[in-house]
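**Q** Encoded as structure tokens, here's the structure I'll be asking about.
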Amino acid sequence: MTAPALRPPGAPAPAQPLTVADFAARARERLPAEVWDFIAGGAGRERTLAANEAVFEAARLRPRALPGIEEPDTSVEVLGSRWAAPVGIAPVAYHELAHPDGESATARAAGDLGLPLVVSTFSSRPLEEVAAAATAPLWLQLYCFRDTATTLDLARRARASGYQALVLTTDTPFTGRRLRDLRNGFRIPGHITAANLSETAAAGAATPGAHSRHAFDRSTGWSVVGRLRAESGLPVLAKGVLTARDAEAAVAAGVAGIVVSNHGGRQLDGAPATLEALPEVVAAVRGRCPVLLDGGIRTGADVLVALALGARAVLVGRPALYALAADGAAGVRRMLTLLTEEFAETMVLTGHAAPDTIGPDTVLPPVPPYPARSHG
């Protein structure tokens with residue numbers, strides 16, 4: 001499976017990328033094939049990976065005649081922080097696979113635009129170094145390790161470094177069966193490390209699937225939310241929620257927010273697309289905490305569709321690495337700027353001066369069958 005919506009064969013590349021697909025095309029040209037597959041691939045037959053984008057493609061927006069809006073205010077408040085737009089960068093491991101400057105470059109780019117970054121447990125740069133490069137909110141994503149001290153130490157380090165929240169990944173007792181990586185015999189290159197883990201905790205991390213099966217704690221339950229909050233003093237969001245039942249459990253456990261996520265289609269192949277799952281989760285939460293979404297966001301219009309169906313904000317993962325591979329920090333700034341500009345334009349065309357007015361009447365919800373995923 002190739003990158004989504006690549007330009008037609010033989011068509012010249014634009015002088016500046018104009019879409020996420022343009023960044024993807026440039027990244028694919030520059031990255032080793034096995035690294036591209038690790039970043040772009042998903043679990044199993046990649047049905048959920050494809051569905052994440054296809055459901056957005058099936059959504060239809062309702063335009064507003066004579067909207068009377070000069071310049072919309074794209075900013076939104078999330079957990080007490082004001083984001084310049086309802087867009088942040090999702091946790092993705094090993095940014096140095098895309099560019100030598102790694103997560104520090106990503107943090108600088110996001111900070112320049114007033115947008116947040118969620119740093120992965122498997123960051124290739126120490127979380128303190130990323131914090132030094134950041135000027136916008138940082139959250140730290142956590143897995144629960146069998147060695148509880150590893151997890152709690154990461155939480156405490158995040159607080160000490162100025163991170164504003166923890167994002168607990170709840171759908172990964174071990175990583176999904178990713179056929180591209182198995183066929184490629186993929187290993188993280190030796191010069192790239194899990195910079196936030198001790199030598200013992202990182203042992204075997206060069207093969208992510210195998211490492212997760214012996215390092216992650218499969219017995220973890222919802223009580224871990226309270227422990228993380230108590231140890232760090234930080235709010236905890238639950239990432240990987242796709243059902244009302246899990247949303248209720250998360251709220252009962254005291255989460256500060258929920259991220260509707262299927263791990264970018266990299267976990268359970270055949271799980272619903274995140275946009276499909278969003279209304280059910282929002283209905284179950286009943287406004288008790290903010291709901292965010294990741295997976296499949298490729299345009300500013302996608303951002304607006306997610307907000308219309310109840311998300312407070314969205315997170316993008318692969319687009320950040322595509323942009324980082326294409327042009328380092330400048331590429332990430334350009335990609336985030338494109339999404340924000342597209343979002344602002346879509347707000348005007350649908351009659352919204354601020355994100356808080358975007359609601360279900362703005363969109364015709366996607367109805368199956370969904371369009372096939374585009375290929376280059």
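Chain identifiers are assigned as A, B, and so on, following the order in which chains appear in the structure tokens; residues are numbered from 1 within each chain, and ligands are numbered from 1 in order of appearance.
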Taking the DSSP secondary structure from the backbone, can you list the residues of segment 57-153 of chain A that are strand (DSSP E or B), as JSON, numbers by chain?
**A** {"A": [60, 61, 76, 77, 78, 81, 82, 83, 87, 88, 89, 117, 118, 119, 138, 139, 140, 141, 142, 145]}
**Q** What's around segment 44-46 of chain A at 12 Å? Count only C-alpha atoms, leave out sequence neighbours fewer than 6 positions away in its own chain, and write the answer as a PDB file with all heavy atoms, in the first residue's frame.
**A**
```pdb
ATOM      1  N   MET A   1       0.852  -1.191   0.000  1.00  0.00           N
ATOM      2  CA  MET A   1       0.000   0.000   0.000  1.00  0.00           C
ATOM      3  C   MET A   1       0.880   1.230   0.000  1.00  0.00           C
ATOM      4  O   MET A   1       1.871   1.293   0.699  1.00  0.00           O
ATOM      5  CB  MET A   1      -0.911  -0.012   1.226  1.00  0.00           C
ATOM      6  CG  MET A   1      -1.921   1.115   1.246  1.00  0.00           C
ATOM      7  SD  MET A   1      -3.072   0.919   2.612  1.00  0.00           S
ATOM      8  CE  MET A   1      -4.002  -0.497   2.063  1.00  0.00           C
ATOM      9  N   THR A   2       0.534   2.222  -0.787  1.00  0.00           N
ATOM     10  CA  THR A   2       1.356   3.412  -0.934  1.00  0.00           C
ATOM     11  C   THR A   2       0.727   4.591  -0.226  1.00  0.00           C
ATOM     12  O   THR A   2      -0.330   4.497   0.384  1.00  0.00           O
ATOM     13  CB  THR A   2       1.553   3.741  -2.421  1.00  0.00           C
ATOM     14  OG1 THR A   2       0.274   3.949  -3.009  1.00  0.00           O
ATOM     15  CG2 THR A   2       2.261   2.610  -3.138  1.00  0.00           C
ATOM     16  N   ASP A  37       7.986   2.319   5.170  1.00  0.00           N
ATOM     17  CA  ASP A  37       6.976   1.328   5.530  1.00  0.00           C
ATOM     18  C   ASP A  37       6.674   1.358   7.025  1.00  0.00           C
ATOM     19  O   ASP A  37       5.515   1.199   7.437  1.00  0.00           O
ATOM     20  CB  ASP A  37       7.432  -0.073   5.116  1.00  0.00           C
ATOM     21  CG  ASP A  37       7.174  -0.365   3.648  1.00  0.00           C
ATOM     22  OD1 ASP A  37       6.406   0.386   3.018  1.00  0.00           O
ATOM     23  OD2 ASP A  37       7.740  -1.349   3.131  1.00  0.00           O
ATOM     24  N   ASN A  52      -9.529   5.123   8.152  1.00  0.00           N
ATOM     25  CA  ASN A  52      -9.383   6.405   8.838  1.00  0.00           C
ATOM     26  C   ASN A  52      -9.528   7.577   7.878  1.00  0.00           C
ATOM     27  O   ASN A  52     -10.190   8.575   8.183  1.00  0.00           O
ATOM     28  CB  ASN A  52      -8.029   6.481   9.538  1.00  0.00           C
ATOM     29  CG  ASN A  52      -8.023   5.843  10.905  1.00  0.00           C
ATOM     30  OD1 ASN A  52      -9.075   5.521  11.469  1.00  0.00           O
ATOM     31  ND2 ASN A  52      -6.841   5.636  11.454  1.00  0.00           N
ATOM     32  N   GLU A  53      -8.912   7.478   6.707  1.00  0.00           N
ATOM     33  CA  GLU A  53      -9.019   8.552   5.728  1.00  0.00           C
ATOM     34  C   GLU A  53     -10.309   8.469   4.925  1.00  0.00           C
ATOM     35  O   GLU A  53     -10.929   9.489   4.615  1.00  0.00           O
ATOM     36  CB  GLU A  53      -7.813   8.515   4.787  1.00  0.00           C
ATOM     37  CG  GLU A  53      -6.516   8.874   5.461  1.00  0.00           C
ATOM     38  CD  GLU A  53      -5.365   8.925   4.479  1.00  0.00           C
ATOM     39  OE1 GLU A  53      -5.543   9.494   3.384  1.00  0.00           O
ATOM     40  OE2 GLU A  53      -4.291   8.397   4.800  1.00  0.00           O
ATOM     41  N   THR A 175       2.283  -4.229  20.611  1.00  0.00           N
ATOM     42  CA  THR A 175       2.025  -3.586  19.326  1.00  0.00           C
ATOM     43  C   THR A 175       1.398  -4.568  18.346  1.00  0.00           C
ATOM     44  O   THR A 175       1.604  -5.781  18.415  1.00  0.00           O
ATOM     45  CB  THR A 175       3.310  -3.004  18.714  1.00  0.00           C
ATOM     46  OG1 THR A 175       4.247  -4.047  18.495  1.00  0.00           O
ATOM     47  CG2 THR A 175       3.918  -1.965  19.633  1.00  0.00           C
ATOM     48  N   GLY A 176       0.617  -4.017  17.403  1.00  0.00           N
ATOM     49  CA  GLY A 176      -0.096  -4.831  16.440  1.00  0.00           C
ATOM     50  C   GLY A 176       0.834  -5.543  15.469  1.00  0.00           C
ATOM     51  O   GLY A 176       2.024  -5.229  15.351  1.00  0.00           O
ATOM     52  N   ARG A 177       0.266  -6.506  14.761  1.00  0.00           N
ATOM     53  CA  ARG A 177       1.022  -7.298  13.784  1.00  0.00           C
ATOM     54  C   ARG A 177       1.154  -6.494  12.496  1.00  0.00           C
ATOM     55  O   ARG A 177       0.219  -6.429  11.684  1.00  0.00           O
ATOM     56  CB  ARG A 177       0.307  -8.619  13.541  1.00  0.00           C
ATOM     57  CG  ARG A 177       1.053  -9.600  12.649  1.00  0.00           C
ATOM     58  CD  ARG A 177       0.323 -10.934  12.597  1.00  0.00           C
ATOM     59  NE  ARG A 177       0.982 -11.873  11.717  1.00  0.00           N
ATOM     60  CZ  ARG A 177       2.041 -12.615  12.031  1.00  0.00           C
ATOM     61  NH1 ARG A 177       2.565 -12.500  13.237  1.00  0.00           N
ATOM     62  NH2 ARG A 177       2.581 -13.449  11.175  1.00  0.00           N
ATOM     63  N   ARG A 178       2.308  -5.904  12.295  1.00  0.00           N
ATOM     64  CA  ARG A 178       2.536  -4.996  11.168  1.00  0.00           C
ATOM     65  C   ARG A 178       3.334  -5.736  10.095  1.00  0.00           C
ATOM     66  O   ARG A 178       4.548  -5.938  10.213  1.00  0.00           O
ATOM     67  CB  ARG A 178       3.243  -3.738  11.662  1.00  0.00           C
ATOM     68  CG  ARG A 178       2.387  -3.021  12.715  1.00  0.00           C
ATOM     69  CD  ARG A 178       3.122  -1.935  13.463  1.00  0.00           C
ATOM     70  NE  ARG A 178       2.327  -1.491  14.601  1.00  0.00           N
ATOM     71  CZ  ARG A 178       2.753  -0.644  15.534  1.00  0.00           C
ATOM     72  NH1 ARG A 178       3.976  -0.142  15.455  1.00  0.00           N
ATOM     73  NH2 ARG A 178       1.963  -0.311  16.541  1.00  0.00           N
ATOM     74  N   LEU A 179       2.620  -6.147   9.073  1.00  0.00           N
ATOM     75  CA  LEU A 179       3.195  -7.061   8.094  1.00  0.00           C
ATOM     76  C   LEU A 179       4.342  -6.444   7.308  1.00  0.00           C
ATOM     77  O   LEU A 179       5.299  -7.130   6.940  1.00  0.00           O
ATOM     78  CB  LEU A 179       2.103  -7.561   7.144  1.00  0.00           C
ATOM     79  CG  LEU A 179       0.993  -8.377   7.814  1.00  0.00           C
ATOM     80  CD1 LEU A 179      -0.051  -8.790   6.781  1.00  0.00           C
ATOM     81  CD2 LEU A 179       1.565  -9.598   8.523  1.00  0.00           C
ATOM     82  N   ARG A 180       4.252  -5.158   7.034  1.00  0.00           N
ATOM     83  CA  ARG A 180       5.357  -4.528   6.295  1.00  0.00           C
ATOM     84  C   ARG A 180       6.664  -4.687   7.070  1.00  0.00           C
ATOM     85  O   ARG A 180       7.710  -5.019   6.501  1.00  0.00           O
ATOM     86  CB  ARG A 180       5.077  -3.048   6.059  1.00  0.00           C
ATOM     87  CG  ARG A 180       3.867  -2.726   5.223  1.00  0.00           C
ATOM     88  CD  ARG A 180       3.991  -1.308   4.704  1.00  0.00           C
ATOM     89  NE  ARG A 180       2.706  -0.674   4.496  1.00  0.00           N
ATOM     90  CZ  ARG A 180       2.541   0.467   3.854  1.00  0.00           C
ATOM     91  NH1 ARG A 180       3.585   1.099   3.359  1.00  0.00           N
ATOM     92  NH2 ARG A 180       1.345   0.997   3.706  1.00  0.00           N
ATOM     93  N   ASP A 181       6.611  -4.407   8.377  1.00  0.00           N
ATOM     94  CA  ASP A 181       7.821  -4.493   9.183  1.00  0.00           C
ATOM     95  C   ASP A 181       8.322  -5.928   9.281  1.00  0.00           C
ATOM     96  O   ASP A 181       9.536  -6.181   9.265  1.00  0.00           O
ATOM     97  CB  ASP A 181       7.558  -3.942  10.586  1.00  0.00           C
ATOM     98  CG  ASP A 181       7.203  -2.470  10.574  1.00  0.00           C
ATOM     99  OD1 ASP A 181       7.444  -1.796   9.546  1.00  0.00           O
ATOM    100  OD2 ASP A 181       6.666  -1.986  11.592  1.00  0.00           O
ATOM    101  N   LEU A 182       7.409  -6.885   9.384  1.00  0.00           N
ATOM    102  CA  LEU A 182       7.810  -8.288   9.450  1.00  0.00           C
ATOM    103  C   LEU A 182       8.464  -8.724   8.148  1.00  0.00           C
ATOM    104  O   LEU A 182       9.494  -9.418   8.144  1.00  0.00           O
ATOM    105  CB  LEU A 182       6.597  -9.166   9.767  1.00  0.00           C
ATOM    106  CG  LEU A 182       5.997  -8.976  11.167  1.00  0.00           C
ATOM    107  CD1 LEU A 182       4.681  -9.732  11.289  1.00  0.00           C
ATOM    108  CD2 LEU A 182       6.979  -9.422  12.243  1.00  0.00           C
ATOM    109  N   ARG A 183       7.885  -8.316   7.033  1.00  0.00           N
ATOM    110  CA  ARG A 183       8.467  -8.697   5.743  1.00  0.00           C
ATOM    111  C   ARG A 183       9.831  -8.053   5.524  1.00  0.00           C
ATOM    112  O   ARG A 183      10.733  -8.638   4.923  1.00  0.00           O
ATOM    113  CB  ARG A 183       7.516  -8.305   4.608  1.00  0.00           C
ATOM    114  CG  ARG A 183       6.241  -9.148   4.579  1.00  0.00           C
ATOM    115  CD  ARG A 183       5.342  -8.755   3.416  1.00  0.00           C
ATOM    116  NE  ARG A 183       4.152  -9.604   3.363  1.00  0.00           N
ATOM    117  CZ  ARG A 183       2.907  -9.179   3.437  1.00  0.00           C
ATOM    118  NH1 ARG A 183       2.660  -7.880   3.570  1.00  0.00           N
ATOM    119  NH2 ARG A 183       1.890 -10.015   3.377  1.00  0.00           N
ATOM    120  N   ASN A 262      -7.289   4.873  17.086  1.00  0.00           N
ATOM    121  CA  ASN A 262      -7.030   3.453  16.842  1.00  0.00           C
ATOM    122  C   ASN A 262      -5.550   3.242  16.524  1.00  0.00           C
ATOM    123  O   ASN A 262      -5.179   2.320  15.807  1.00  0.00           O
ATOM    124  CB  ASN A 262      -7.921   2.899  15.727  1.00  0.00           C
ATOM    125  CG  ASN A 262      -7.826   3.705  14.433  1.00  0.00           C
ATOM    126  OD1 ASN A 262      -6.774   4.247  14.099  1.00  0.00           O
ATOM    127  ND2 ASN A 262      -8.933   3.790  13.694  1.00  0.00           N
ATOM    128  N   HIS A 263      -4.723   4.095  17.082  1.00  0.00           N
ATOM    129  CA  HIS A 263      -3.266   4.002  16.930  1.00  0.00           C
ATOM    130  C   HIS A 263      -2.873   4.129  15.463  1.00  0.00           C
ATOM    131  O   HIS A 263      -1.947   3.470  14.985  1.00  0.00           O
ATOM    132  CB  HIS A 263      -2.756   2.683  17.521  1.00  0.00           C
ATOM    133  CG  HIS A 263      -1.414   2.799  18.194  1.00  0.00           C
ATOM    134  ND1 HIS A 263      -1.282   2.903  19.556  1.00  0.00           N
ATOM    135  CD2 HIS A 263      -0.155   2.829  17.690  1.00  0.00           C
ATOM    136  CE1 HIS A 263      -0.002   2.965  19.870  1.00  0.00           C
ATOM    137  NE2 HIS A 263       0.706   2.933  18.750  1.00  0.00           N
ATOM    138  N   GLY A 264      -3.605   4.967  14.726  1.00  0.00           N
ATOM    139  CA  GLY A 264      -3.298   5.167  13.317  1.00  0.00           C
ATOM    140  C   GLY A 264      -3.446   3.922  12.477  1.00  0.00           C
ATOM    141  O   GLY A 264      -2.776   3.767  11.449  1.00  0.00           O
ATOM    142  N   GLY A 265      -4.350   3.024  12.900  1.00  0.00           N
ATOM    143  CA  GLY A 265      -4.528   1.778  12.171  1.00  0.00           C
ATOM    144  C   GLY A 265      -3.397   0.793  12.369  1.00  0.00           C
ATOM    145  O   GLY A 265      -3.262  -0.164  11.599  1.00  0.00           O
ATOM    146  N   ARG A 266      -2.613   0.977  13.436  1.00  0.00           N
ATOM    147  CA  ARG A 266      -1.426   0.152  13.655  1.00  0.00           C
ATOM    148  C   ARG A 266      -1.639  -0.903  14.736  1.00  0.00           C
ATOM    149  O   ARG A 266      -0.706  -1.620  15.092  1.00  0.00           O
ATOM    150  CB  ARG A 266      -0.238   1.044  14.038  1.00  0.00           C
ATOM    151  CG  ARG A 266       0.191   1.966  12.909  1.00  0.00           C
ATOM    152  CD  ARG A 266       1.095   3.084  13.374  1.00  0.00           C
ATOM    153  NE  ARG A 266       2.417   2.660  13.772  1.00  0.00           N
ATOM    154  CZ  ARG A 266       3.437   2.448  12.929  1.00  0.00           C
ATOM    155  NH1 ARG A 266       3.249   2.587  11.622  1.00  0.00           N
ATOM    156  NH2 ARG A 266       4.619   2.105  13.374  1.00  0.00           N
ATOM    157  N   GLN A 267      -2.866  -1.031  15.269  1.00  0.00           N
ATOM    158  CA  GLN A 267      -3.117  -1.992  16.329  1.00  0.00           C
ATOM    159  C   GLN A 267      -4.066  -3.098  15.866  1.00  0.00           C
ATOM    160  O   GLN A 267      -3.637  -4.078  15.290  1.00  0.00           O
ATOM    161  CB  GLN A 267      -3.648  -1.279  17.576  1.00  0.00           C
ATOM    162  CG  GLN A 267      -2.547  -0.710  18.454  1.00  0.00           C
ATOM    163  CD  GLN A 267      -1.549  -1.750  18.901  1.00  0.00           C
ATOM    164  OE1 GLN A 267      -0.433  -1.813  18.382  1.00  0.00           O
ATOM    165  NE2 GLN A 267      -1.925  -2.589  19.841  1.00  0.00           N
ATOM    166  N   LEU A 268      -5.364  -2.934  16.108  1.00  0.00           N
ATOM    167  CA  LEU A 268      -6.349  -3.960  15.751  1.00  0.00           C
ATOM    168  C   LEU A 268      -6.873  -3.679  14.353  1.00  0.00           C
ATOM    169  O   LEU A 268      -7.677  -2.764  14.158  1.00  0.00           O
ATOM    170  CB  LEU A 268      -7.499  -3.965  16.761  1.00  0.00           C
ATOM    171  CG  LEU A 268      -8.653  -4.926  16.466  1.00  0.00           C
ATOM    172  CD1 LEU A 268      -8.172  -6.378  16.459  1.00  0.00           C
ATOM    173  CD2 LEU A 268      -9.776  -4.730  17.490  1.00  0.00           C
ATOM    174  N   ASP A 269      -6.438  -4.450  13.369  1.00  0.00           N
ATOM    175  CA  ASP A 269      -6.934  -4.237  12.018  1.00  0.00           C
ATOM    176  C   ASP A 269      -8.386  -4.688  11.941  1.00  0.00           C
ATOM    177  O   ASP A 269      -8.734  -5.788  12.380  1.00  0.00           O
ATOM    178  CB  ASP A 269      -6.092  -5.024  11.011  1.00  0.00           C
ATOM    179  CG  ASP A 269      -6.406  -4.628   9.579  1.00  0.00           C
ATOM    180  OD1 ASP A 269      -6.721  -3.449   9.354  1.00  0.00           O
ATOM    181  OD2 ASP A 269      -6.343  -5.499   8.698  1.00  0.00           O
ATOM    182  N   GLY A 270      -9.234  -3.824  11.400  1.00  0.00           N
ATOM    183  CA  GLY A 270     -10.668  -4.065  11.389  1.00  0.00           C
ATOM    184  C   GLY A 270     -11.413  -3.269  12.436  1.00  0.00           C
ATOM    185  O   GLY A 270     -12.646  -3.276  12.459  1.00  0.00           O
ATOM    186  N   ALA A 271     -10.673  -2.570  13.306  1.00  0.00           N
ATOM    187  CA  ALA A 271     -11.322  -1.652  14.249  1.00  0.00           C
ATOM    188  C   ALA A 271     -11.938  -0.496  13.464  1.00  0.00           C
ATOM    189  O   ALA A 271     -11.528  -0.194  12.353  1.00  0.00           O
ATOM    190  CB  ALA A 271     -10.299  -1.122  15.250  1.00  0.00           C
ATOM    191  N   PRO A 272     -12.940   0.174  14.033  1.00  0.00           N
ATOM    192  CA  PRO A 272     -13.570   1.278  13.310  1.00  0.00           C
ATOM    193  C   PRO A 272     -12.619   2.438  13.094  1.00  0.00           C
ATOM    194  O   PRO A 272     -11.671   2.647  13.866  1.00  0.00           O
ATOM    195  CB  PRO A 272     -14.735   1.678  14.218  1.00  0.00           C
ATOM    196  CG  PRO A 272     -14.363   1.198  15.568  1.00  0.00           C
ATOM    197  CD  PRO A 272     -13.560  -0.049  15.352  1.00  0.00           C
ATOM    198  N   ALA A 273     -12.884   3.182  12.050  1.00  0.00           N
ATOM    199  CA  ALA A 273     -12.191   4.456  11.854  1.00  0.00           C
ATOM    200  C   ALA A 273     -12.518   5.373  13.020  1.00  0.00           C
ATOM    201  O   ALA A 273     -13.596   5.288  13.625  1.00  0.00           O
ATOM    202  CB  ALA A 273     -12.626   5.093  10.539  1.00  0.00           C
ATOM    203  N   ARG A 373      -9.620   4.145  -0.725  1.00  0.00           N
ATOM    204  CA  ARG A 373      -8.473   4.995  -0.448  1.00  0.00           C
ATOM    205  C   ARG A 373      -7.718   5.269  -1.728  1.00  0.00           C
ATOM    206  O   ARG A 373      -7.561   4.391  -2.576  1.00  0.00           O
ATOM    207  CB  ARG A 373      -7.550   4.296   0.553  1.00  0.00           C
ATOM    208  CG  ARG A 373      -6.462   5.186   1.126  1.00  0.00           C
ATOM    209  CD  ARG A 373      -5.570   4.341   2.017  1.00  0.00           C
ATOM    210  NE  ARG A 373      -4.634   5.176   2.761  1.00  0.00           N
ATOM    211  CZ  ARG A 373      -3.457   4.736   3.185  1.00  0.00           C
ATOM    212  NH1 ARG A 373      -3.085   3.505   2.935  1.00  0.00           N
ATOM    213  NH2 ARG A 373      -2.658   5.510   3.864  1.00  0.00           N
TER     214      ARG A 373
END
```
**Q** Tell me which of A:Ala325, A:Ala33, A:Ala90, A:Ala301 sits closest to Ser261 of chain A, counting only C-alpha atoms.
**A**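 Closest to Ser261 of chain A, using only C-alpha atoms: A:Ala90.
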**Q** Figure out the distance between atom CA of Val119 of chain A and atom CA of Glu57 of chain A, please, to one decimal in Å.
**A**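 Answer for the atom CA of Glu57 of chain A to atom CA of Val119 of chain A separation: 28.3 Å.
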**Q** Identify, on the basis of only C-alpha atoms, every residue whose closest approach to Ser124 of chain A does not exceed 12 Å; exclude the query and any residue fewer than 5 positions from it along the same chain; express the result as JSON, numbers by chain.
**A** {"A": [91, 92, 93, 94, 95, 96, 97, 98, 99, 100, 101, 102, 103, 104, 105, 106, 119, 129, 130, 188, 189, 190, 191, 192, 193, 194, 195, 196, 197, 202, 205, 206]}
**Q** Convert the current residue selection to file output with N, CA and C atoms, as an mmCIF file, in the first residue's frame.
**A**
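Dumped to again_10.cif:
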```cif
data_model
loop_
_atom_site.group_PDB
_atom_site.id
_atom_site.type_symbol
_atom_site.label_atom_id
_atom_site.label_comp_id
_atom_site.auth_asym_id
_atom_site.auth_seq_id
_atom_site.Cartn_x
_atom_site.Cartn_y
_atom_site.Cartn_z
ATOM 1 N N PRO A 91 1.497 11.645 19.387
ATOM 2 C CA PRO A 91 2.746 10.966 19.724
ATOM 3 C C PRO A 91 3.132 9.939 18.663
ATOM 4 N N VAL A 92 4.320 10.095 18.125
ATOM 5 C CA VAL A 92 4.882 9.163 17.148
ATOM 6 C C VAL A 92 6.325 8.897 17.562
ATOM 7 N N ALA A 93 6.719 7.650 17.561
ATOM 8 C CA ALA A 93 8.051 7.285 18.022
ATOM 9 C C ALA A 93 9.130 7.707 17.034
ATOM 10 N N TYR A 94 10.314 7.928 17.574
ATOM 11 C CA TYR A 94 11.551 8.011 16.806
ATOM 12 C C TYR A 94 11.503 9.012 15.639
ATOM 13 N N HIS A 95 11.336 10.282 15.962
ATOM 14 C CA HIS A 95 11.338 11.298 14.914
ATOM 15 C C HIS A 95 12.673 11.357 14.169
ATOM 16 N N GLU A 96 13.740 10.871 14.789
ATOM 17 C CA GLU A 96 15.031 10.881 14.092
ATOM 18 C C GLU A 96 15.039 9.948 12.886
ATOM 19 N N LEU A 97 14.087 9.046 12.789
ATOM 20 C CA LEU A 97 13.961 8.263 11.561
ATOM 21 C C LEU A 97 13.667 9.160 10.361
ATOM 22 N N ALA A 98 12.974 10.269 10.613
ATOM 23 C CA ALA A 98 12.599 11.184 9.543
ATOM 24 C C ALA A 98 13.634 12.276 9.319
ATOM 25 N N HIS A 99 14.309 12.711 10.399
ATOM 26 C CA HIS A 99 15.256 13.829 10.272
ATOM 27 C C HIS A 99 16.211 13.792 11.461
ATOM 28 N N PRO A 100 17.485 14.113 11.259
ATOM 29 C CA PRO A 100 18.447 14.044 12.373
ATOM 30 C C PRO A 100 18.106 14.928 13.560
ATOM 31 N N ASP A 101 17.372 16.013 13.347
ATOM 32 C CA ASP A 101 17.024 16.913 14.456
ATOM 33 C C ASP A 101 15.885 16.375 15.308
ATOM 34 N N GLY A 102 15.186 15.363 14.828
ATOM 35 C CA GLY A 102 14.209 14.640 15.629
ATOM 36 C C GLY A 102 13.141 15.500 16.270
ATOM 37 N N GLU A 103 12.740 15.081 17.465
ATOM 38 C CA GLU A 103 11.620 15.718 18.166
ATOM 39 C C GLU A 103 11.895 17.175 18.526
ATOM 40 N N SER A 104 13.161 17.542 18.665
ATOM 41 C CA SER A 104 13.463 18.940 18.977
ATOM 42 C C SER A 104 13.021 19.856 17.836
ATOM 43 N N ALA A 105 13.239 19.416 16.597
ATOM 44 C CA ALA A 105 12.786 20.202 15.449
ATOM 45 C C ALA A 105 11.269 20.271 15.402
ATOM 46 N N THR A 106 10.614 19.159 15.672
ATOM 47 C CA THR A 106 9.153 19.139 15.673
ATOM 48 C C THR A 106 8.602 20.091 16.730
ATOM 49 N N VAL A 119 4.676 14.163 23.066
ATOM 50 C CA VAL A 119 5.952 13.477 22.899
ATOM 51 C C VAL A 119 5.775 12.004 23.244
ATOM 52 N N GLU A 129 15.209 17.597 26.692
ATOM 53 C CA GLU A 129 15.734 18.328 25.537
ATOM 54 C C GLU A 129 14.604 18.845 24.657
ATOM 55 N N VAL A 130 13.577 18.037 24.495
ATOM 56 C CA VAL A 130 12.424 18.486 23.709
ATOM 57 C C VAL A 130 11.754 19.672 24.398
ATOM 58 N N ILE A 188 15.047 -0.650 14.249
ATOM 59 C CA ILE A 188 15.431 0.753 14.395
ATOM 60 C C ILE A 188 16.947 0.840 14.197
ATOM 61 N N PRO A 189 17.425 1.740 13.336
ATOM 62 C CA PRO A 189 18.872 1.849 13.110
ATOM 63 C C PRO A 189 19.631 2.065 14.419
ATOM 64 N N GLY A 190 20.849 1.550 14.462
ATOM 65 C CA GLY A 190 21.612 1.558 15.697
ATOM 66 C C GLY A 190 21.907 2.921 16.270
ATOM 67 N N HIS A 191 21.967 3.955 15.422
ATOM 68 C CA HIS A 191 22.288 5.289 15.930
ATOM 69 C C HIS A 191 21.075 5.993 16.534
ATOM 70 N N ILE A 192 19.895 5.382 16.442
ATOM 71 C CA ILE A 192 18.670 5.962 17.005
ATOM 72 C C ILE A 192 18.248 5.129 18.202
ATOM 73 N N THR A 193 18.014 5.768 19.320
ATOM 74 C CA THR A 193 17.689 5.044 20.549
ATOM 75 C C THR A 193 16.408 5.566 21.178
ATOM 76 N N ALA A 194 15.853 4.765 22.075
ATOM 77 C CA ALA A 194 14.740 5.213 22.917
ATOM 78 C C ALA A 194 15.343 6.049 24.037
ATOM 79 N N ALA A 195 15.484 7.345 23.778
ATOM 80 C CA ALA A 195 16.338 8.196 24.599
ATOM 81 C C ALA A 195 15.835 8.383 26.022
ATOM 82 N N ASN A 196 14.550 8.098 26.271
ATOM 83 C CA ASN A 196 13.995 8.338 27.603
ATOM 84 C C ASN A 196 13.978 7.102 28.491
ATOM 85 N N LEU A 197 14.440 5.988 27.967
ATOM 86 C CA LEU A 197 14.434 4.744 28.729
ATOM 87 C C LEU A 197 15.841 4.381 29.162
ATOM 88 N N ALA A 202 15.184 -0.256 27.759
ATOM 89 C CA ALA A 202 15.222 -0.151 26.304
ATOM 90 C C ALA A 202 15.784 -1.396 25.630
ATOM 91 N N ALA A 205 14.618 -2.757 22.166
ATOM 92 C CA ALA A 205 13.685 -1.793 21.570
ATOM 93 C C ALA A 205 13.924 -1.591 20.084
ATOM 94 N N ALA A 206 15.037 -2.044 19.565
ATOM 95 C CA ALA A 206 15.288 -1.914 18.130
ATOM 96 C C ALA A 206 14.297 -2.712 17.300
#
```
**Q** Write out as a list in words which residues come within 10 Å of Ala311 of chain A when counting only C-alpha atoms, dropping same-chain ones fewer than 5 positions away.
**A**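 Selected residues are Pro86, Ile258, Val259, Val260, Leu275, Leu278, Pro279, Val281, Val282, Pro290, Val291, Leu292, Leu293, Asp294, Val303, Leu304, Val305, Ala306 and Gly359 of chain A.
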**Q** Using only C-alpha atoms, which residues sit within 10 Å of Ala323 of chain A once same-chain residues fewer than 6 positions away are excluded, as number ranges by chain?
**A** A: 17, 20-27, 98-99, 106, 329-336
**Q** May I ask for the distance between atom CA of Val225 of chain A and atom CA of Leu115 of chain A, given in Å to one decimal place?
**A**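 The value is 25.3 Å.
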**Q** Do you know which residues are at most 7 Å from Thr207 of chain A counting only C-alpha atoms, after dropping those on the same chain fewer than 3 positions away, and could you put them as a list in words?
**A**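 After dropping sequence-adjacent residues, the list is Arg187, Ile188, Gly204, Ala210 and His211 of chain A.
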**Q** Which one of A:Asp302, A:Thr274, A:Pro365, A:Tyr322 sits closest to Ala51 of chain A if you count only C-alpha atoms?
**A**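 Using only C-alpha atoms, the shortest distance to Ala51 of chain A belongs to A:Thr274.
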**Q** Considering only C-alpha atoms, return as a PyMOL selection string whatever protein or nucleic-acid residues lie within 7 Å of segment 143-160 of chain A, sequence-local ones (same chain, fewer than 3 positions apart) excluded.
**A** chain A and resi 121+140+163+168-169+215-217+228+231-232+234
